[in-house]
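**Student:** My questions will all concern the structure given below.
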Amino acid sequence: MLPPAETALRPVAYAAVTLALLGAAPLAAQEADTSPETAAETPPQTDITPAPDGLSAPRGRQIDFEADVLEYSADSDIVTASGNVVLRSGDRSVRADSVSWSERTGVIVATGRVRFVDENGNQLFSERVELTDQFEAGAMDDLLLALRQGGRLAANRGMRETDGTVELEEAVYSGCSVTSPDGCPKDPSWRIVAERVTYDPEDQRIRFRGAFLEIFGAKLLPLPGLSVRTDGGAVSGLLVPDLRISQNNGVEVSGSYYIRFADNRDLELTTHLFTEAAPMVSGQWRHLTERGAYQITGYATHSQRISTLTGVPNSEDQFRGYIFANGKFQLTPDWSFSGSIRRTTDRTFLRRYDISRDDRLRSTLELERIGENTYFSVAGWATQTLRLNQPQGEVPIALPVLDARWRPDTPILGGKVELQANTLAIARDIGQDTQRAFARAQWDLRRVTALGQVVTVTGMVRGDIYHSDENALTTTASYRGNPGWEYRGVALGAVDVQWPFVGEAFGGTQVFTPRVQFVATPPIKNLAIPNEDARAIDLEDSNLFALNRFPGYDRVEDGARVTYGFDWSLRIPDWEIKTTVGQSYRLDSDPDIFPDGTGLSEKFSDFVGRTEVRYQNFLKFTHRFRLDKDNLAIRRNEIDATVGSSKTYAEIGYVRLNRDITQVEDLQDREELRGAVRVAFADYWSIFGSGVFNLTDRNEDPTFTSDGFDPIRTRLGIAYQDDCLELGLTWRRDYITSGDAERGDTFQVYFSLRNLGFR
């Protein structure tokens, strides 16, 4: 009698078959017992000789066996082994309560809790299996086939051919587990019921005839011509449709057909039907080559386009679409080529059809060489703006961008040297054009003193050449530079000292590391040089000890300064706490290149810091801040926190930039709140919600009409997810209208079958 846990895959009115047997303990080898007390008769010596170490079948293969009892009937020429019977032949084995072998027919019959393991590692469970003298499984009743790669087949009747093909009648297949994480029996989330099933081990496929998909016991969908791969790989066929209801497009039903041309390339074609918009088609091509991989995704429809500047739809239908392609190829061990192309026909297409919420699309190409001590890159990028109020001509194109670096093996004066050459060309249809080239040499020497201080000495020299025109078209005056040719030289010297102290505290280990850095740079004519890549300057914990606290190359902090601070960390069982605090003092002030409000415009900088707290995998908290040096007012306040497990958790993110900067376009004040919650229940169910809220008011940014609490996007949903099924319902509300991408509600039903080749 099979345990009740196996009834999960059982067809209606079929006998039960077990999945729990997959966890059976390893067989214990036992010696055969042929004593007169346990055997009816000692088998005679013939050309089929039962011996202590096995059975030899005529024209067959050697079969080793183990059993508690061995009997032989001279009248019927049948050998019967019973009690923990194990038969082995090569990579195949059978375990059963009883096995009989007919000398006349060569048929081996195993009965009672039979488990047959073939050379591929697949396991057959049944109450009765017939095997040939070649040790091939034949007819079977009330069986379960557990595939090595995953998936299980149960059937009322079956036959295994000599080539390993298994034919099943009145069968059920599922790739789901039939036990819960705590080991209790459970019904599979989905299963396929079929009149006939064929398993071919050669191509690792299961083919169905007369198949239906059942979910939670309900017969939902016929699946004509269905076949699945037992290794979890995808096969060509229809994918599960998606259903969505949105303010922009009404009811949307999208259906896809997947084509697998080979293991290294495939194509997915999708049709999107809407009640409030014209149909749309999309496709995705993926290809893995010998040297790399690439993919191409495209969308296309024919509907009203919007005006680039006003966002108002035009009266006539036009082509609208989007293409995204990316890939990387390793040409040689050192050389590689990568690229990404993103383009759309208009500025609200992606938002209208809920494809992406990016406000710009960047396309890049790069040829790169990485050697043991060398690096070379030639690249280019172009950006398409999706902001309705920004002319495309003001957006720069960078081509080419070259960067070359070399680190000689031989130390110079005990330190490491790095040489760099870099060029950049930026062009705009409407606006300033800039070309730049520089060469740099940097020397670093790092030593640990006898007292444990870590001392780093740095020297750097650089020569720059710039050319620009139409500088007056740049709105911010400090970014323009002088038109025509400009040259400058940069020299820098720095000493950085860190002194870590380690000790015990609170049952754990703490490390306290004071740090002092001195950097000196002769005066540099920064404002004569155009600023293209160093605009978003803001004092943070991440750049406090940087040699140049500007993010790019076009601005270099000159003069002399001392930066000081400390790192402190504490590690105790289950807990980890890290803190960084620091400030800098400038020996001479240079307010021209640092706007007021960045924390760097006066001799003493603001205070900056970061604190991180972790408790196991349950709590993670990060706080970053900047405090005004004069009154300790909070100029930057950023919090990211996560609490909970992977199933039930809460996340919160908050950022406020209170810098009072109005004259620079990149540094306005902002305040934002983000939150997300997920609560799991009943093993596989969960409810979730999230929201993004703009807390910026008119006092922080006069261009905003917000009252200080404007939702941007909220989401709420319920989901079911187990080892092989995922489904859910999501509601989302957008509060911002952009052209024909209107604010409103979106409802989406999503459905995913795992282990069936469906997404």
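Identifiers in the structure tokens: chain A, B, ... in order shown; residue index from 1 per chain; ligand index from 1 in order shown.
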Excluding range 538-551 of chain A and residues on its chain fewer than 3 positions from it, collect all residues at most 8 Å away from it, counting only C-alpha atoms, and give them as JSON, numbers by chain.
**Tutor:** {"A": [494, 517, 519, 533, 534, 535, 555, 556, 557, 563, 580, 581, 582, 583, 584, 598, 599, 600, 606, 608, 609, 610, 624, 625, 626]}
**Student:** Near range 125-133 of chain A, within 6 Å and counting only C-alpha atoms, which residues show up once chain neighbours fewer than 2 positions away are dropped, as a list of chain:residue names?
**Tutor:**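 Here the qualifying residues turn out to be A:Gly60, A:Gly106, A:Val107, A:Ile108, A:Val109, A:Ala110, A:Thr111, A:Gly112, A:Arg113, A:Val114, A:Arg115, A:Phe135, A:Glu136, A:Ala137, A:Gly138, A:Ala139, A:Met140, A:Asp142, A:Leu143, A:Leu144.
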**Student:** With all heavy atoms kept, could you save the residues just selected as a short mmCIF file (atom, residue, chain, number, x, y, z; two decimals), in the first residue's frame?
**Tutor:**
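What ended up in part09.cif:
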```cif
data_model
loop_
_atom_site.label_atom_id
_atom_site.label_comp_id
_atom_site.auth_asym_id
_atom_site.auth_seq_id
_atom_site.Cartn_x
_atom_site.Cartn_y
_atom_site.Cartn_z
N GLY A 60 21.84 -12.71 -22.08
CA GLY A 60 21.48 -11.52 -21.33
C GLY A 60 22.68 -10.89 -20.70
O GLY A 60 23.83 -11.17 -21.03
N GLY A 106 12.42 -16.13 -19.40
CA GLY A 106 13.37 -15.04 -19.17
C GLY A 106 12.74 -13.78 -18.60
O GLY A 106 13.41 -12.76 -18.48
N VAL A 107 11.45 -13.84 -18.25
CA VAL A 107 10.75 -12.67 -17.74
C VAL A 107 11.00 -12.54 -16.23
O VAL A 107 10.90 -13.52 -15.49
CB VAL A 107 9.24 -12.75 -18.01
CG1 VAL A 107 8.50 -11.59 -17.35
CG2 VAL A 107 8.99 -12.77 -19.51
N ILE A 108 11.32 -11.32 -15.82
CA ILE A 108 11.51 -11.01 -14.41
C ILE A 108 10.32 -10.15 -13.97
O ILE A 108 10.02 -9.14 -14.61
CB ILE A 108 12.82 -10.25 -14.16
CG1 ILE A 108 14.01 -11.06 -14.67
CG2 ILE A 108 12.99 -9.91 -12.69
CD1 ILE A 108 15.33 -10.32 -14.63
N VAL A 109 9.64 -10.55 -12.92
CA VAL A 109 8.49 -9.82 -12.41
C VAL A 109 8.80 -9.35 -11.00
O VAL A 109 9.09 -10.17 -10.11
CB VAL A 109 7.21 -10.68 -12.41
CG1 VAL A 109 6.04 -9.88 -11.84
CG2 VAL A 109 6.89 -11.15 -13.83
N ALA A 110 8.77 -8.02 -10.81
CA ALA A 110 8.99 -7.42 -9.49
C ALA A 110 7.65 -6.93 -8.97
O ALA A 110 6.90 -6.26 -9.68
CB ALA A 110 9.98 -6.27 -9.58
N THR A 111 7.35 -7.24 -7.73
CA THR A 111 6.07 -6.83 -7.13
C THR A 111 6.33 -6.28 -5.74
O THR A 111 7.30 -6.63 -5.07
CB THR A 111 5.11 -8.03 -7.04
OG1 THR A 111 5.73 -9.07 -6.27
CG2 THR A 111 4.73 -8.54 -8.41
N GLY A 112 5.42 -5.35 -5.36
CA GLY A 112 5.47 -4.81 -4.00
C GLY A 112 6.47 -3.68 -3.84
O GLY A 112 7.66 -3.93 -3.76
N ARG A 113 5.99 -2.47 -3.83
CA ARG A 113 6.82 -1.27 -3.61
C ARG A 113 8.06 -1.28 -4.52
O ARG A 113 9.20 -1.15 -4.08
CB ARG A 113 7.23 -1.15 -2.15
CG ARG A 113 6.07 -0.93 -1.22
CD ARG A 113 6.53 -0.76 0.21
NE ARG A 113 7.15 -1.96 0.73
CZ ARG A 113 7.70 -2.05 1.95
NH1 ARG A 113 7.67 -1.00 2.75
NH2 ARG A 113 8.25 -3.18 2.35
N VAL A 114 7.81 -1.40 -5.79
CA VAL A 114 8.90 -1.53 -6.76
C VAL A 114 9.48 -0.15 -7.07
O VAL A 114 8.75 0.83 -7.29
CB VAL A 114 8.40 -2.17 -8.07
CG1 VAL A 114 9.55 -2.32 -9.06
CG2 VAL A 114 7.76 -3.52 -7.77
N ARG A 115 10.79 -0.09 -7.09
CA ARG A 115 11.49 1.11 -7.57
C ARG A 115 12.54 0.68 -8.58
O ARG A 115 13.49 -0.02 -8.24
CB ARG A 115 12.15 1.88 -6.43
CG ARG A 115 12.83 3.17 -6.93
CD ARG A 115 13.42 3.99 -5.81
NE ARG A 115 14.64 3.38 -5.29
CZ ARG A 115 15.44 3.98 -4.39
NH1 ARG A 115 15.09 5.15 -3.90
NH2 ARG A 115 16.51 3.37 -3.96
N PHE A 135 17.08 -6.92 -18.60
CA PHE A 135 16.87 -5.99 -17.49
C PHE A 135 16.25 -4.69 -17.97
O PHE A 135 16.59 -3.60 -17.56
CB PHE A 135 18.19 -5.70 -16.76
CG PHE A 135 17.99 -5.38 -15.30
CD1 PHE A 135 17.40 -6.29 -14.46
CD2 PHE A 135 18.40 -4.17 -14.77
CE1 PHE A 135 17.22 -6.01 -13.12
CE2 PHE A 135 18.22 -3.87 -13.43
CZ PHE A 135 17.63 -4.81 -12.60
N GLU A 136 15.32 -4.82 -18.92
CA GLU A 136 14.57 -3.69 -19.42
C GLU A 136 13.17 -3.74 -18.81
O GLU A 136 12.52 -4.78 -18.81
CB GLU A 136 14.44 -3.73 -20.95
CG GLU A 136 15.76 -3.69 -21.69
CD GLU A 136 16.32 -2.29 -21.77
OE1 GLU A 136 15.66 -1.36 -21.29
OE2 GLU A 136 17.42 -2.12 -22.33
N ALA A 137 12.71 -2.60 -18.27
CA ALA A 137 11.36 -2.53 -17.74
C ALA A 137 10.37 -2.56 -18.89
O ALA A 137 10.55 -1.89 -19.90
CB ALA A 137 11.17 -1.26 -16.91
N GLY A 138 9.30 -3.33 -18.73
CA GLY A 138 8.29 -3.43 -19.76
C GLY A 138 6.96 -2.89 -19.29
O GLY A 138 6.83 -1.71 -18.99
N ALA A 139 5.96 -3.77 -19.19
CA ALA A 139 4.63 -3.34 -18.79
C ALA A 139 4.62 -2.98 -17.30
O ALA A 139 5.26 -3.64 -16.47
CB ALA A 139 3.62 -4.45 -19.08
N MET A 140 3.85 -1.93 -17.00
CA MET A 140 3.74 -1.46 -15.63
C MET A 140 2.30 -1.04 -15.36
O MET A 140 1.61 -0.57 -16.25
CB MET A 140 4.67 -0.25 -15.39
CG MET A 140 6.14 -0.55 -15.59
SD MET A 140 7.12 0.96 -15.71
CE MET A 140 6.73 1.47 -17.37
N ASP A 142 -0.23 1.13 -12.41
CA ASP A 142 -0.29 2.00 -11.24
C ASP A 142 1.10 2.56 -10.93
O ASP A 142 1.70 2.25 -9.91
CB ASP A 142 -0.84 1.22 -10.06
CG ASP A 142 -1.08 2.11 -8.86
OD1 ASP A 142 -1.16 3.34 -9.04
OD2 ASP A 142 -1.15 1.57 -7.74
N LEU A 143 1.62 3.40 -11.81
CA LEU A 143 3.04 3.75 -11.74
C LEU A 143 3.26 5.26 -11.55
O LEU A 143 2.38 6.07 -11.86
CB LEU A 143 3.77 3.30 -13.01
CG LEU A 143 3.34 3.98 -14.31
CD1 LEU A 143 4.29 5.11 -14.69
CD2 LEU A 143 3.24 2.97 -15.43
N LEU A 144 4.45 5.57 -11.10
CA LEU A 144 4.93 6.94 -11.01
C LEU A 144 6.31 7.00 -11.62
O LEU A 144 7.17 6.17 -11.31
CB LEU A 144 5.00 7.40 -9.54
CG LEU A 144 5.77 8.70 -9.29
CD1 LEU A 144 4.96 9.88 -9.80
CD2 LEU A 144 6.10 8.88 -7.83
#
```
**Student:** Calculated over only C-alpha atoms, which of the candidates A:Thr521, A:Gln498, A:Asn471, A:Thr476 has the smallest distance to Thr456 in chain A?
**Tutor:** A:Gln498
**Student:** Using only C-alpha atoms, which of A:Thr345, A:Asp359, A:Leu657, A:Gln330 sits nearest Asn389 in chain A?
**Tutor:** A:Asp359
**Student:** Please provide as a count of residues only all residues within 12 Å of Gly339 in chain A, with the sequence filter that same-chain residues fewer than 4 positions apart are discarded (counting only C-alpha atoms).
**Tutor:** 23
**Student:** Counting only C-alpha atoms, what is within 12 Å of Ala676 in chain A, bar same-chain residues fewer than 5 positions away, as a ChimeraX atom specification?
**Tutor:** /A:640-644,648-653,687-693,713-717
**Student:** Can you list every residue in range 437-656 of chain A that DSSP puts in strand (DSSP E), as an MDAnalysis selection string?
**Tutor:** chainID A and resid 437:448 454:469 484:498 501:505 508:521 559:572 575:586 607:615 619:627 634:644 649:656
**Student:** Next, the residues of the selection above should be written as a CSV table (one decimal), in the first residue's frame with C-alpha atoms.
**Tutor:**
```csv
chain,number,residue,atom,x,y,z
A,437,ALA,CA,41.9,66.3,-24.2
A,438,PHE,CA,44.3,65.8,-21.2
A,439,ALA,CA,47.2,63.7,-20.1
A,440,ARG,CA,47.8,62.7,-16.5
A,441,ALA,CA,50.5,61.1,-14.4
A,442,GLN,CA,49.8,60.0,-10.8
A,443,TRP,CA,52.2,58.5,-8.2
A,444,ASP,CA,51.0,56.7,-5.1
A,445,LEU,CA,53.0,55.4,-2.2
A,446,ARG,CA,51.4,53.5,0.6
A,447,ARG,CA,53.1,52.4,3.8
A,448,VAL,CA,52.2,51.1,7.3
A,454,VAL,CA,48.4,53.7,7.2
A,455,VAL,CA,50.1,56.5,5.3
A,456,THR,CA,49.4,57.2,1.6
A,457,VAL,CA,51.3,59.9,-0.3
A,458,THR,CA,50.0,61.0,-3.7
A,459,GLY,CA,51.4,63.3,-6.4
A,460,MET,CA,49.6,64.1,-9.6
A,461,VAL,CA,50.3,66.4,-12.7
A,462,ARG,CA,47.9,67.0,-15.6
A,463,GLY,CA,47.8,69.0,-18.7
A,464,ASP,CA,44.5,70.0,-20.3
A,465,ILE,CA,43.5,71.5,-23.7
A,466,TYR,CA,39.9,72.7,-24.4
A,467,HIS,CA,38.1,74.2,-27.4
A,468,SER,CA,34.5,75.4,-27.2
A,469,ASP,CA,32.1,77.6,-29.2
A,484,GLY,CA,38.0,79.2,-28.4
A,485,TRP,CA,41.1,77.5,-27.2
A,486,GLU,CA,42.0,77.3,-23.5
A,487,TYR,CA,44.9,75.5,-21.8
A,488,ARG,CA,45.6,74.7,-18.1
A,489,GLY,CA,48.0,72.8,-16.0
A,490,VAL,CA,47.1,70.9,-12.8
A,491,ALA,CA,49.4,69.7,-10.0
A,492,LEU,CA,48.4,68.1,-6.8
A,493,GLY,CA,50.1,66.7,-3.7
A,494,ALA,CA,48.4,64.8,-0.9
A,495,VAL,CA,49.1,63.0,2.4
A,496,ASP,CA,46.5,60.7,3.9
A,497,VAL,CA,47.0,59.1,7.4
A,498,GLN,CA,44.6,56.5,8.9
A,501,PHE,CA,42.5,51.0,16.9
A,502,VAL,CA,41.0,47.6,17.6
A,503,GLY,CA,39.5,46.5,20.8
A,504,GLU,CA,36.7,44.6,22.6
A,505,ALA,CA,33.4,46.3,23.3
A,508,GLY,CA,32.2,42.1,20.3
A,509,THR,CA,35.0,43.8,18.4
A,510,GLN,CA,35.1,47.5,17.6
A,511,VAL,CA,37.5,49.4,15.3
A,512,PHE,CA,38.0,53.1,15.6
A,513,THR,CA,39.9,54.8,12.8
A,514,PRO,CA,40.8,58.5,12.9
A,515,ARG,CA,41.7,59.9,9.6
A,516,VAL,CA,43.5,63.1,8.5
A,517,GLN,CA,44.2,64.2,4.9
A,518,PHE,CA,46.1,67.2,3.5
A,519,VAL,CA,45.7,68.1,-0.2
A,520,ALA,CA,47.4,71.1,-1.9
A,521,THR,CA,46.9,72.3,-5.4
A,559,GLY,CA,44.1,75.6,-2.9
A,560,ALA,CA,45.1,73.8,0.2
A,561,ARG,CA,42.8,72.0,2.6
A,562,VAL,CA,42.8,69.6,5.6
A,563,THR,CA,40.1,67.0,5.9
A,564,TYR,CA,39.5,65.1,9.1
A,565,GLY,CA,37.1,62.6,10.5
A,566,PHE,CA,36.8,59.0,11.7
A,567,ASP,CA,35.3,55.6,10.9
A,568,TRP,CA,33.9,53.5,13.7
A,569,SER,CA,32.6,50.0,13.5
A,570,LEU,CA,31.2,47.5,16.0
A,571,ARG,CA,30.7,43.8,15.3
A,572,ILE,CA,28.9,41.6,17.9
A,575,TRP,CA,24.8,42.9,14.9
A,576,GLU,CA,27.0,45.2,12.8
A,577,ILE,CA,27.2,49.0,13.2
A,578,LYS,CA,29.3,51.4,11.1
A,579,THR,CA,29.6,55.2,11.4
A,580,THR,CA,31.6,57.8,9.4
A,581,VAL,CA,31.8,61.5,10.3
A,582,GLY,CA,34.0,64.2,8.9
A,583,GLN,CA,34.6,67.8,7.9
A,584,SER,CA,37.2,69.8,5.9
A,585,TYR,CA,39.0,73.1,6.4
A,586,ARG,CA,40.2,75.2,3.5
A,607,PHE,CA,29.7,68.1,8.6
A,608,VAL,CA,28.8,65.0,6.7
A,609,GLY,CA,28.4,61.4,7.8
A,610,ARG,CA,26.8,58.0,7.4
A,611,THR,CA,25.5,55.4,9.8
A,612,GLU,CA,24.7,51.8,9.0
A,613,VAL,CA,23.0,49.3,11.3
A,614,ARG,CA,22.4,45.6,10.4
A,615,TYR,CA,20.8,42.9,12.5
A,619,LEU,CA,17.1,44.7,9.8
A,620,LYS,CA,19.1,47.1,7.6
A,621,PHE,CA,19.2,50.8,8.3
A,622,THR,CA,21.3,53.5,6.5
A,623,HIS,CA,21.3,57.2,7.4
A,624,ARG,CA,23.3,59.8,5.5
A,625,PHE,CA,23.4,63.4,6.5
A,626,ARG,CA,24.9,66.8,6.1
A,627,LEU,CA,24.7,69.4,8.8
A,634,ILE,CA,20.0,69.6,8.3
A,635,ARG,CA,21.0,70.2,4.7
A,636,ARG,CA,20.8,66.6,3.6
A,637,ASN,CA,18.8,63.9,5.3
A,638,GLU,CA,18.6,60.5,3.7
A,639,ILE,CA,17.2,57.4,5.2
A,640,ASP,CA,16.9,53.8,3.8
A,641,ALA,CA,15.5,51.1,6.0
A,642,THR,CA,14.4,47.5,5.6
A,643,VAL,CA,12.9,45.4,8.3
A,644,GLY,CA,11.6,41.9,8.1
A,649,TYR,CA,9.0,43.1,5.2
A,650,ALA,CA,8.6,46.8,5.2
A,651,GLU,CA,10.9,49.3,3.4
A,652,ILE,CA,11.0,53.0,3.7
A,653,GLY,CA,13.1,55.6,1.9
A,654,TYR,CA,13.3,59.3,2.6
A,655,VAL,CA,15.5,62.1,1.2
A,656,ARG,CA,15.5,65.8,1.8
```
**Student:** Please measure the separation of CA of Pro241 in chain A and CA of Arg205 in chain A, giving the value in Å to one decimal.
**Tutor:**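 Computing it gives 23.7 Å between the two atoms.
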**Student:** Taking into account only C-alpha atoms, which residue in the set A:Arg428, A:Lys525, A:Arg670, A:Arg209 is nearest to Asn699 in chain A?
**Tutor:** A:Arg670
**Student:** Given the choices A:Thr105, A:Gln390, A:Asn248, A:Thr162, which gets closest to Arg351 in chain A if the distance is worked out from only C-alpha atoms?
**Tutor:** A:Asn248
**Student:** Report as JSON, numbers by chain all protein, DNA and RNA residues lying within 10 Å of Arg352 in chain A, evaluated on only C-alpha atoms, omitting residues in the same chain fewer than 3 positions from it.
**Tutor:** {"A": [246, 247, 248, 249, 347, 348, 349, 355, 356, 357, 737, 738, 739, 740, 741, 742, 743]}
**Student:** Write down as a list in words the residues of range 412-637 of chain A whose backbone DSSP state falls under helix (DSSP H, G or I).
**Tutor:** Asn471, Ala472, Leu473, Ala477, Ser478, Tyr479, Asn526, Leu527 and Ala528 of chain A
**Student:** Would you mind telling me which residue in A:Ser76, A:Ser686, A:Asn631, A:Thr696 lies nearest to Asn658 in chain A when using only C-alpha atoms?
**Tutor:**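 Closest residue, counting only C-alpha atoms: A:Thr696.
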**Student:** Near Ala218 in chain A, counting only C-alpha atoms, which residues have an atom at most 12 Å away, once you skip same-chain residues fewer than 3 positions from it, shown as a list of chain:residue names?
**Tutor:**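 What passes the distance filter is A:Pro188, A:Ser189, A:Trp190, A:Arg191, A:Ile192, A:Val193, A:Phe212, A:Leu213, A:Glu214, A:Ile215, A:Leu221, A:Pro222.
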**Student:** Restrict the selected residues to all heavy atoms and save them as a JSON list (two decimals), in the first residue's frame.
**Tutor:**
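Printed below is out_32.json as written:
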```
[["chain", "number", "residue", "atom", "x", "y", "z"],
["A", 188, "PRO", "N", -0.57, 19.55, -5.85],
["A", 188, "PRO", "CA", 0.22, 20.44, -6.71],
["A", 188, "PRO", "C", -0.62, 21.61, -7.19],
["A", 188, "PRO", "O", -1.83, 21.49, -7.40],
["A", 188, "PRO", "CB", 0.65, 19.54, -7.87],
["A", 188, "PRO", "CG", -0.37, 18.45, -7.90],
["A", 188, "PRO", "CD", -0.79, 18.23, -6.48],
["A", 189, "SER", "N", 0.00, 22.77, -7.38],
["A", 189, "SER", "CA", -0.73, 23.96, -7.82],
["A", 189, "SER", "C", -1.32, 23.75, -9.20],
["A", 189, "SER", "O", -2.43, 24.17, -9.47],
["A", 189, "SER", "CB", 0.21, 25.17, -7.83],
["A", 189, "SER", "OG", 0.82, 25.34, -6.57],
["A", 190, "TRP", "N", -0.56, 23.13, -10.09],
["A", 190, "TRP", "CA", -1.06, 22.84, -11.41],
["A", 190, "TRP", "C", -0.63, 21.45, -11.83],
["A", 190, "TRP", "O", 0.36, 20.92, -11.34],
["A", 190, "TRP", "CB", -0.59, 23.87, -12.45],
["A", 190, "TRP", "CG", 0.90, 23.92, -12.66],
["A", 190, "TRP", "CD1", 1.78, 24.79, -12.10],
["A", 190, "TRP", "CD2", 1.69, 23.04, -13.48],
["A", 190, "TRP", "NE1", 3.06, 24.53, -12.50],
["A", 190, "TRP", "CE2", 3.03, 23.46, -13.36],
["A", 190, "TRP", "CE3", 1.39, 21.95, -14.29],
["A", 190, "TRP", "CZ2", 4.07, 22.82, -14.03],
["A", 190, "TRP", "CZ3", 2.44, 21.32, -14.97],
["A", 190, "TRP", "CH2", 3.76, 21.76, -14.83],
["A", 191, "ARG", "N", -1.38, 20.88, -12.73],
["A", 191, "ARG", "CA", -1.02, 19.58, -13.30],
["A", 191, "ARG", "C", -1.66, 19.48, -14.68],
["A", 191, "ARG", "O", -2.62, 20.19, -15.00],
["A", 191, "ARG", "CB", -1.47, 18.43, -12.41],
["A", 191, "ARG", "CG", -2.96, 18.29, -12.27],
["A", 191, "ARG", "CD", -3.30, 17.11, -11.38],
["A", 191, "ARG", "NE", -4.72, 16.79, -11.39],
["A", 191, "ARG", "CZ", -5.26, 15.74, -10.82],
["A", 191, "ARG", "NH1", -4.49, 14.88, -10.18],
["A", 191, "ARG", "NH2", -6.56, 15.52, -10.89],
["A", 192, "ILE", "N", -1.11, 18.61, -15.51],
["A", 192, "ILE", "CA", -1.63, 18.35, -16.85],
["A", 192, "ILE", "C", -2.19, 16.94, -16.87],
["A", 192, "ILE", "O", -1.49, 15.97, -16.57],
["A", 192, "ILE", "CB", -0.54, 18.51, -17.91],
["A", 192, "ILE", "CG1", -0.01, 19.95, -17.90],
["A", 192, "ILE", "CG2", -1.07, 18.16, -19.28],
["A", 192, "ILE", "CD1", 1.18, 20.15, -18.79],
["A", 193, "VAL", "N", -3.46, 16.84, -17.19],
["A", 193, "VAL", "CA", -4.13, 15.55, -17.32],
["A", 193, "VAL", "C", -4.23, 15.22, -18.81],
["A", 193, "VAL", "O", -4.70, 16.05, -19.60],
["A", 193, "VAL", "CB", -5.53, 15.59, -16.68],
["A", 193, "VAL", "CG1", -6.22, 14.23, -16.83],
["A", 193, "VAL", "CG2", -5.43, 15.96, -15.22],
["A", 212, "PHE", "N", -5.17, 18.63, -20.83],
["A", 212, "PHE", "CA", -5.83, 19.79, -20.24],
["A", 212, "PHE", "C", -4.99, 20.28, -19.06],
["A", 212, "PHE", "O", -4.37, 19.48, -18.35],
["A", 212, "PHE", "CB", -7.23, 19.44, -19.75],
["A", 212, "PHE", "CG", -8.28, 19.43, -20.82],
["A", 212, "PHE", "CD1", -8.47, 18.30, -21.61],
["A", 212, "PHE", "CD2", -9.06, 20.55, -21.05],
["A", 212, "PHE", "CE1", -9.43, 18.29, -22.60],
["A", 212, "PHE", "CE2", -10.02, 20.55, -22.05],
["A", 212, "PHE", "CZ", -10.20, 19.42, -22.82],
["A", 213, "LEU", "N", -4.99, 21.60, -18.89],
["A", 213, "LEU", "CA", -4.31, 22.20, -17.74],
["A", 213, "LEU", "C", -5.29, 22.35, -16.59],
["A", 213, "LEU", "O", -6.37, 22.93, -16.76],
["A", 213, "LEU", "CB", -3.73, 23.57, -18.12],
["A", 213, "LEU", "CG", -3.11, 24.38, -16.96],
["A", 213, "LEU", "CD1", -1.89, 23.68, -16.40],
["A", 213, "LEU", "CD2", -2.76, 25.79, -17.43],
["A", 214, "GLU", "N", -4.91, 21.86, -15.42],
["A", 214, "GLU", "CA", -5.70, 22.02, -14.21],
["A", 214, "GLU", "C", -4.92, 22.89, -13.23],
["A", 214, "GLU", "O", -3.72, 22.68, -13.02],
["A", 214, "GLU", "CB", -6.00, 20.67, -13.56],
["A", 214, "GLU", "CG", -6.98, 19.81, -14.33],
["A", 214, "GLU", "CD", -7.37, 18.57, -13.55],
["A", 214, "GLU", "OE1", -6.83, 18.38, -12.44],
["A", 214, "GLU", "OE2", -8.19, 17.78, -14.05],
["A", 215, "ILE", "N", -5.60, 23.85, -12.64],
["A", 215, "ILE", "CA", -5.00, 24.71, -11.62],
["A", 215, "ILE", "C", -5.87, 24.64, -10.39],
["A", 215, "ILE", "O", -7.09, 24.89, -10.46],
["A", 215, "ILE", "CB", -4.86, 26.16, -12.11],
["A", 215, "ILE", "CG1", -3.92, 26.22, -13.31],
["A", 215, "ILE", "CG2", -4.36, 27.07, -11.01],
["A", 215, "ILE", "CD1", -3.72, 27.59, -13.90],
["A", 221, "LEU", "N", -7.89, 24.85, -19.23],
["A", 221, "LEU", "CA", -7.42, 25.19, -20.57],
["A", 221, "LEU", "C", -6.99, 23.95, -21.32],
["A", 221, "LEU", "O", -6.17, 23.17, -20.81],
["A", 221, "LEU", "CB", -6.23, 26.16, -20.45],
["A", 221, "LEU", "CG", -5.65, 26.75, -21.73],
["A", 221, "LEU", "CD1", -6.65, 27.71, -22.36],
["A", 221, "LEU", "CD2", -4.35, 27.50, -21.40],
["A", 222, "PRO", "N", -7.51, 23.71, -22.53],
["A", 222, "PRO", "CA", -6.99, 22.61, -23.35],
["A", 222, "PRO", "C", -5.62, 22.98, -23.90],
["A", 222, "PRO", "O", -5.35, 24.14, -24.22],
["A", 222, "PRO", "CB", -8.03, 22.48, -24.46],
["A", 222, "PRO", "CG", -8.65, 23.83, -24.57],
["A", 222, "PRO", "CD", -8.64, 24.41, -23.18]]
```
